[in-house]
Amino acid sequence: MEPLPASFYGDMCKRNPVISAFDGDIRTFMSFMKRISTLPTYDHNSYARGAKTLFEIWNKYKPLLPTNYYEEHMLQMADFLFGIKLYRLGLWQGYCRYLQQFSTVTIEDIRDVDHFKTSFFPKGFDTDQAKLTFRALQGCCLCAFQLERERGSQPTQKGVQRLLSILGFVRIMMQAVLPHEHLCWLLYNGSLYIYNICRYLMSMSRAAQAMEFLLWACICLETSIPLMTARFLAWRATLYCAVCQCYYDSQANVQAEVFARRALGKVSELGKLEEMSGLPATTETQRAYKVATIKLATMVFKRSVYEPRRKPKGLFRHKQKSNLKEIQSMPWPRTPTERVLMELFEGNAAQFLAIVEALWDTSRRPLQTGMPEEPEIQEVSLELMSAGISILSGIGGSTERARDDSIPTCLNAVTANFTLMDMAAAGENKVSLDAAVKFVKLLFRYEQWDMFCILSDTLQHTVLPRMEGRSFRKSELELRLLDSMERLMSTQKIRLNTKDDTVSEKDRHLGVVMSEEFVGLVQALYSCVCGSAQDVQPDRDLVMDIVLYLWSKCKIIFQRVQVRHWDPIHFLGKMENLDKWVWTLSVLSEVAHVCELADSDPMVLAEMTIRLAMVLESTADSTVHSGRKTASSEDDSLESTPTEKNTETFSMFKKSTVEQLQSVWNVVERGLEGVIRGWTRLLPCDGSAISDMVFMQKFAGPAMHSPAEGGEGERVKSPSLSLSLSLVPMDLHLELLSVQHRVSLKLLNTCPAELQQHAGDSRRSMRPPGGVDIPETMANRARGESVLLERIRKNTISIALFLVQKALLSHRKDQNSSATKRLLEEAVVLIEKAEVEERKLFSSSGPSERKERGGEEERNTRPPPSPILLSRTYHSMTFTPAPYALEEQVCWYHIYGREAEGINLKVRLGDSNLVGTGDEVPASGERLLRVDCLEPNQKYVFAVAAYNAGGKLVGNAIGETTRPLLASLPLPLLTTWAHLAQAAYQTGQHALAKRACSELWSHFNQPKGLQEPGATLEGLAQTKLRLETLQRSSPLLLHLFLSSILMQTEIHIQEGALFCDTLSDGGPLIWGQEARLAECERMLVAIDLALWLNDSSAALQAVVGCYGLLAPLMFHQIPAETVVQVLMKCLAVLTEISGVVKQKRSATTSESLLHMIACITYYVAKALRTLEKHRLAATVIEQGKKVLRDILETVQGPSKPLPVEPDGVSVAHAHELTGQEDPILLYPIVTNSPLKAAFKDLMKFKRKACFMEFAVLLLQRTMQADHLELVLQWGHDIFGWLSRRDEGLIGPKKGPGDRSTSGKELKKYSSSIMEYKKNKASTFWSDKKRKELLQKKQLTALKAQNTERECKAVDTMLNQLAPLVRRHQRRRRLRQVCSEEWLWRCHLNLSIARAHLGLLRRSLENHQGLGAQQHSYSQLPPSLFSLAHSGTLVRWRNMHQHIGVPDLIPPPPKATPQPCLRAILHKAKESGQAATTTSGEDFSTTESSEQDSEQDSPRTQPAVDSDYSEPSVMTTSPTRRTSTQLLESLNKAALHLRRAMVPDIHTQTDTDAYTHEHTHTYNQATKMK
């Protein structure tokens, strides 16, 4: 039987049993909830029980109570819940429940006034229910605003949009009631709500968005007649000032002044209306008018004090005042600004208020110091500050001077009893203490250091210590921080701008100096933030600015030893002031946690933590490796850094290894907590961040959709701003996890028993204690490792990271251990399992795809589907109900959940022990089901129950259960693969490394057959990168991918023997080329990625890798088109990254870089000329020269270019060269001057070391000009001079009487080798004299000991050996000289041989009866020799190839003269000329004659041959030449070709002759003895 309604029992009074029972239940509930709200900690079970009780009360009494009575008490209950700050329960079970009877739309869905009226006021505003409806709407707005404020101090973009929606609804509500004067109280309340919300937005730097709503509030108050009274004047003035402040914050100063003047006019109009009404003016009314006038006049003065002083550019400006001292020496009023103050404001308090407001600029940060740029504005600012200083001292402004002997003179007018506005309204001459502190901060901001130091010191040590209150303690801390900052900024400017011996050049260049002021600032920061109570903290913006300032300095220092935080640390011991910098970084980390830096910038906190952890871990490792013992200190710890002690002895370096590792673990743990908290705030609650979206990009297709959209077939959209911001913390989070696992394992190996104490407390952070010395055993290690794994729980990615770090440590202990490979293989299996789970999670996050089976009755009784996951963290999950067939019947949703344990994973109605499972969420609106306080790394299952308006289940059962969901932030799978690849490469597991690298490669690169025009990155490589994957990836992941490319290439080089000094690679040439080009393609992808990252150093490294792969092909001059294309791309990259290429490096590195660029340029230009692309070859040469020139300018300094004439010839030396100039001047002459003039100047430098090189260049140029006769003639002259020089150095075989002549010849030609003896000339003669004196002493001693016969034998031997020794010295000197000329002698002989062959061909072509050759097969295109054009399969890849060793000297081929040559020989034979010998015989004859002629003169080639002695033959007509002359030219060409190929054949002959002669002379001396 259903209970009877209250009307059945009569009147609605307390004697009514239904009313009495209802009131009793309400009172019981209210007392219960009030007791819960006063508890020190949140009790979810009690809250859930209370929420369920209230839900049952409303459902129970709704049909029993009258509607008005029921709704009135419902709103009273909502107001009560709002009062005890249970906003969510009051919103859902109070205001929203009341509004459900009108419409299912929310306040955010209202578009205009008509929509507002039809949704909530279908009967108009004059009904009794309308008042309750307005009350409920206002309560909804207030609860929504308070809930948004509770989310965090910094609202997200979505939170800002929600606040703007609330403001928009309030504006629509005010617009709807504006015509109704009896509802003016709604306008007033609406203006209050708008002001509160807009003030919150203004504090978050959202003034531009709040301005229109404040303007609307002002207009509404002006148009409502009941509100146009003096009673509401103070509130109107507040709104006016808020609008002006919004204008000033938005840099719209003109509009601010105009609006302020308009507001002053409105106040004046209201005053006139009050006078016309005849009402007596009360004290409160007069004060209201005065306060409003002062506020608005201050807003006008904020701009008007500056604008009249501005002058147009170009106008003459008189000398400006430079500082405050020049102004203070004048009588008051001293400046135009002070005169304006005297005219506008009455009393020093009002004047000081105007001064502070005029100087204050909300757009500047606390540490953003400096004067304005315009001179006039600077002068006005100085005048304002001078006036403020005078008012503070009590000598300015009013004629009456206030004097207080208990306060210092400079602050004589300061008082702490009243506010500045109260004294300004009263016309007082005093200044409040808060305003004085604000003014001193302005002096710091405008860099008035002298007055700032005086006033700040007085406030800190004299005034503020006397005062009591939190605000005064806060001001004292802020002034202390500013004072420390001022000392640092002042001294650092002096030290960096002057030549201070204590500052190194590197520190001066970087702008970083470790000084006492720097240490003082760090100590002040720590004591003010960490040493103060939570309710007495300095300004957060000031603390954040100081932290970021100090972090920027520390980051520069630590980047010297570690470029990026994930790079290994090098040269840490060589770092200056290491202990101080590490101490500074530890203090910054501690302060960052206290001021919650992670809420605004989690990336900075993560990088700070990783760098500190890496440095401390490196210190602990060095302690272990060095074996040094450290004393532990009980009173020094990282968490409590002492400010009184000297930081030179950093406590961390005094601890033992275990304590150091524990400190590292604590640092990483706190950093993880902060990063997780900050990252959670950045995560969007729309289903786009529940998994690794970068990993899911590979599987993007028609079936992949965005869970937030709920539509099928939609592709993943581009990343939103919030998602792009959360990518970097995701990878940094994984980095911190990796460091934490590594440190935990090291700590476990050091002292495993310490970790076992925390096995039972897995819910909290594991903080292992120290100071326990227990022997390490296998059992202890196993138990300690179980503790670590229990903390990780079911997070497969974290377990994989743990195994990777364990494998690295195992490899360090034993490089041959099999456990390393096993651990890495287990990690691979876990990562693959995580990939499967990730894909299932993403697919299940969409709408349910159940098939509609059964009849209509079955569908109507079906329970709701499983909810859709929108976000997940370590402690919370957010869901939204999935589309439901019976959704029209649903009024409330209730989520249930439990841990995924056991076999049966079904969720039941009793599973409501988790926080958030006790709330009934309205079916209208956002419908967010949030569950909090979850166990990290634990899996849960959830289900949703739907309730109708009567509180009964829809579908008669709870909904479907979700898959087991892991309570964890989404971790990046690709970054995990990158960590595995690095570990496998470091441990030598190349197969696993290639597996991981291939996984990364497949995700970032688009297959060639599936490339779309706009979906890939246009770059150098044919393999294109996925553009959307690059956009979604963080820079850290992209750098790791870049490293994986280099690792995989290095592995392939080692496996395929693709080294830079080998060509064949153990197989046919074509396969080696293909492998090298494949790796070059990989390097081009690396270059594209490096350019995308703007990492020029990585791009240069990839270019060097391409050069190393192609170096053998370049060395052997193989002109392959693909090689040319790759090298041209590399050269283009070098030109683009010229900034990195030009950086200063060591001499060896710079030389290698120059050599690489020169080789690439030479090879590409030569190959392009071979391919007949001469214009492109010229462009490549110019490009290479430009890059080389830039590098040389960096290494050697800028050099002035030589002036060039219009024809391109250098005119640096207009006078004739003498041969004593720098040989570098000869290069433009050899390359540009006329040939004969160039040869003339060249011969002047024949005694220089570079003579042969320039001679070869000139002969090559002459060959290109087809002056073959000049080549032969100049070659004769050059070889003739070389022969005479060599003879002069060695000396001919002459008698003893010819020694003087030999000496003259030696002196004559010895100057040509002076450049080879520059470094040894100073010591040669001293050594020679020393040896002669030593020999004389030894001979004297020998003669004194031996007989006369023995002495004679010794003299004879010395006489015989002296010529031989001198000859040996001359020959050794000649060999040293000629060793540098071997290469150029080869080229010289080659040029002469080519000239002979050219003359021979010219003679044959112009012979009588013979024309030019119709077909020539002397050159073939290089492409014909490639595999693609040959049409023949070289070999099967799986067949074993036997490659024999080729003969170095092939047998001489038989002479097969061409037909034209045979005809000539036949004619010569008939005419009786001596042409019967074959070409081979001629070669042998010529060779033997040459060897005979050169026996006495080794290293000297014959310079007088028939071709040189008869130059007239070369100049005669080719038709008159005989066959003998043709064969002679051919023989001479062969002779020079053979000399070019065997340049050092005479060196061995000379050595053998010397050895034989030396042995013969020694034997003769021995026989004589």
# chains A, B, ... in the order shown; residues from 1 in each chain; ligands from 1
>>> residues_around(residues="segment 147-158 of chain A", least_positions_apart="3", cutoff="8 Å", atoms="only C-alpha atoms", output="JSON, numbers by chain")
{"A": [87, 88, 143, 144, 161, 162, 163, 204, 599, 600, 681, 682]}
>>> write_last_selection(atoms="N, CA, C and O atoms", output="PDB file, in the first residue's frame")
ATOM      1  N   TYR A  87      29.176  22.124  -3.172  1.00  0.00           N
ATOM      2  CA  TYR A  87      28.571  22.743  -4.348  1.00  0.00           C
ATOM      3  C   TYR A  87      27.995  21.705  -5.306  1.00  0.00           C
ATOM      4  O   TYR A  87      26.927  21.919  -5.891  1.00  0.00           O
ATOM      5  N   ARG A  88      28.675  20.604  -5.481  1.00  0.00           N
ATOM      6  CA  ARG A  88      28.207  19.626  -6.452  1.00  0.00           C
ATOM      7  C   ARG A  88      26.875  18.992  -6.014  1.00  0.00           C
ATOM      8  O   ARG A  88      25.954  18.855  -6.818  1.00  0.00           O
ATOM      9  N   CYS A 143      27.024  27.900  -8.189  1.00  0.00           N
ATOM     10  CA  CYS A 143      27.653  26.582  -7.989  1.00  0.00           C
ATOM     11  C   CYS A 143      28.603  26.231  -9.126  1.00  0.00           C
ATOM     12  O   CYS A 143      29.692  25.696  -8.889  1.00  0.00           O
ATOM     13  N   ALA A 144      28.209  26.519 -10.345  1.00  0.00           N
ATOM     14  CA  ALA A 144      29.077  26.217 -11.477  1.00  0.00           C
ATOM     15  C   ALA A 144      30.376  27.021 -11.401  1.00  0.00           C
ATOM     16  O   ALA A 144      31.468  26.505 -11.697  1.00  0.00           O
ATOM     17  N   GLN A 161      36.002  28.768 -21.154  1.00  0.00           N
ATOM     18  CA  GLN A 161      34.798  28.774 -21.970  1.00  0.00           C
ATOM     19  C   GLN A 161      33.556  28.512 -21.136  1.00  0.00           C
ATOM     20  O   GLN A 161      32.486  29.090 -21.389  1.00  0.00           O
ATOM     21  N   ARG A 162      33.685  27.659 -20.135  1.00  0.00           N
ATOM     22  CA  ARG A 162      32.541  27.395 -19.263  1.00  0.00           C
ATOM     23  C   ARG A 162      32.178  28.649 -18.466  1.00  0.00           C
ATOM     24  O   ARG A 162      30.984  28.973 -18.291  1.00  0.00           O
ATOM     25  N   LEU A 163      33.171  29.382 -17.979  1.00  0.00           N
ATOM     26  CA  LEU A 163      32.895  30.627 -17.260  1.00  0.00           C
ATOM     27  C   LEU A 163      32.263  31.670 -18.177  1.00  0.00           C
ATOM     28  O   LEU A 163      31.346  32.397 -17.769  1.00  0.00           O
ATOM     29  N   MET A 204      43.457  36.070 -14.054  1.00  0.00           N
ATOM     30  CA  MET A 204      44.078  35.069 -14.920  1.00  0.00           C
ATOM     31  C   MET A 204      44.485  35.659 -16.268  1.00  0.00           C
ATOM     32  O   MET A 204      44.666  34.923 -17.242  1.00  0.00           O
ATOM     33  N   ASP A 599      51.704  23.068 -11.726  1.00  0.00           N
ATOM     34  CA  ASP A 599      50.350  23.406 -12.146  1.00  0.00           C
ATOM     35  C   ASP A 599      50.341  24.328 -13.352  1.00  0.00           C
ATOM     36  O   ASP A 599      49.396  24.289 -14.155  1.00  0.00           O
ATOM     37  N   SER A 600      51.347  25.161 -13.476  1.00  0.00           N
ATOM     38  CA  SER A 600      51.408  26.088 -14.605  1.00  0.00           C
ATOM     39  C   SER A 600      52.382  25.643 -15.686  1.00  0.00           C
ATOM     40  O   SER A 600      52.159  25.913 -16.859  1.00  0.00           O
ATOM     41  N   ARG A 681      46.067  18.208 -15.175  1.00  0.00           N
ATOM     42  CA  ARG A 681      45.320  19.429 -15.464  1.00  0.00           C
ATOM     43  C   ARG A 681      45.274  19.735 -16.949  1.00  0.00           C
ATOM     44  O   ARG A 681      44.300  20.318 -17.435  1.00  0.00           O
ATOM     45  N   LEU A 682      46.293  19.359 -17.676  1.00  0.00           N
ATOM     46  CA  LEU A 682      46.340  19.658 -19.097  1.00  0.00           C
ATOM     47  C   LEU A 682      45.549  18.671 -19.941  1.00  0.00           C
ATOM     48  O   LEU A 682      45.232  18.962 -21.095  1.00  0.00           O
TER      49      LEU A 682
END
>>> residues_around(residues="segment 219-231 of chain A", least_positions_apart="4", cutoff="10 Å", atoms="only C-alpha atoms", output="ChimeraX atom specification")
/A:171,174-175,178-185,187-188,190-191,213-215,235-236,239,266-267,270-271,273-274,281,284-286,288-289
>>> atom_distance(atom1="atom CA of Gln815 of chain A", atom2="atom CA of Ala983 of chain A")
12.9 Å
>>> residues_around(residues="Ala606 of chain A", least_positions_apart="6", cutoff="8 Å", atoms="only C-alpha atoms", output="MDAnalysis selection string")
chainID A and resid 671:672 675 729 732:733 736
>>> residues_around(residues="Leu824 of chain A", least_positions_apart="3", cutoff="10 Å", atoms="only C-alpha atoms", output="JSON, numbers by chain")
{"A": [800, 801, 803, 804, 805, 806, 807, 808, 819, 820, 821, 827, 828, 829, 830, 980, 981, 983, 984, 987, 989, 992, 993]}
>>> select_by_dssp(residues="segment 96-338 of chain A", states="alpha helix (DSSP H)", output="number ranges by chain")
A: 96-99, 113-120, 128-150, 157-177, 184-203, 207-223, 233-249, 253-277, 283-304, 324-328, 336-338
>>> residues_around(residues="Ala1102 of chain A", least_positions_apart="4", cutoff="12 Å", atoms="only C-alpha atoms", output="ChimeraX atom specification")
/A:1042-1043,1045-1047,1049-1050,1079-1091,1095-1098,1106-1109,1126-1127,1129-1131,1133-1134
>>> select_by_dssp(residues="segment 944-1065 of chain A", states="strand (DSSP E)", output="VMD selection string")
chain A and resid 944 to 947 965 to 966 1016 to 1017 1025 to 1026
>>> closest_residue(among="A:Leu1399, A:Leu81, A:Gln1525, A:Leu359", to="Pro372 of chain A", atoms="only C-alpha atoms")
A:Leu359
>>> residues_around(residues="segment 420-432 of chain A", least_positions_apart="4", cutoff="9 Å", atoms="only C-alpha atoms", output="VMD selection string")
chain A and resid 287 to 288 290 to 291 294 to 295 345 to 353 391 to 392 394 397 to 398 400 to 402 412 to 416 436 to 437
>>> closest_residue(among="A:Glu899, A:Glu835, A:Glu1269, A:Glu72", to="Lys698 of chain A", atoms="only C-alpha atoms")
A:Glu835
>>> residues_around(residues="segment 459-461 of chain A", least_positions_apart="3", cutoff="6 Å", atoms="only C-alpha atoms", output="list in words")
Ser456, Leu464 and Glu476 of chain A
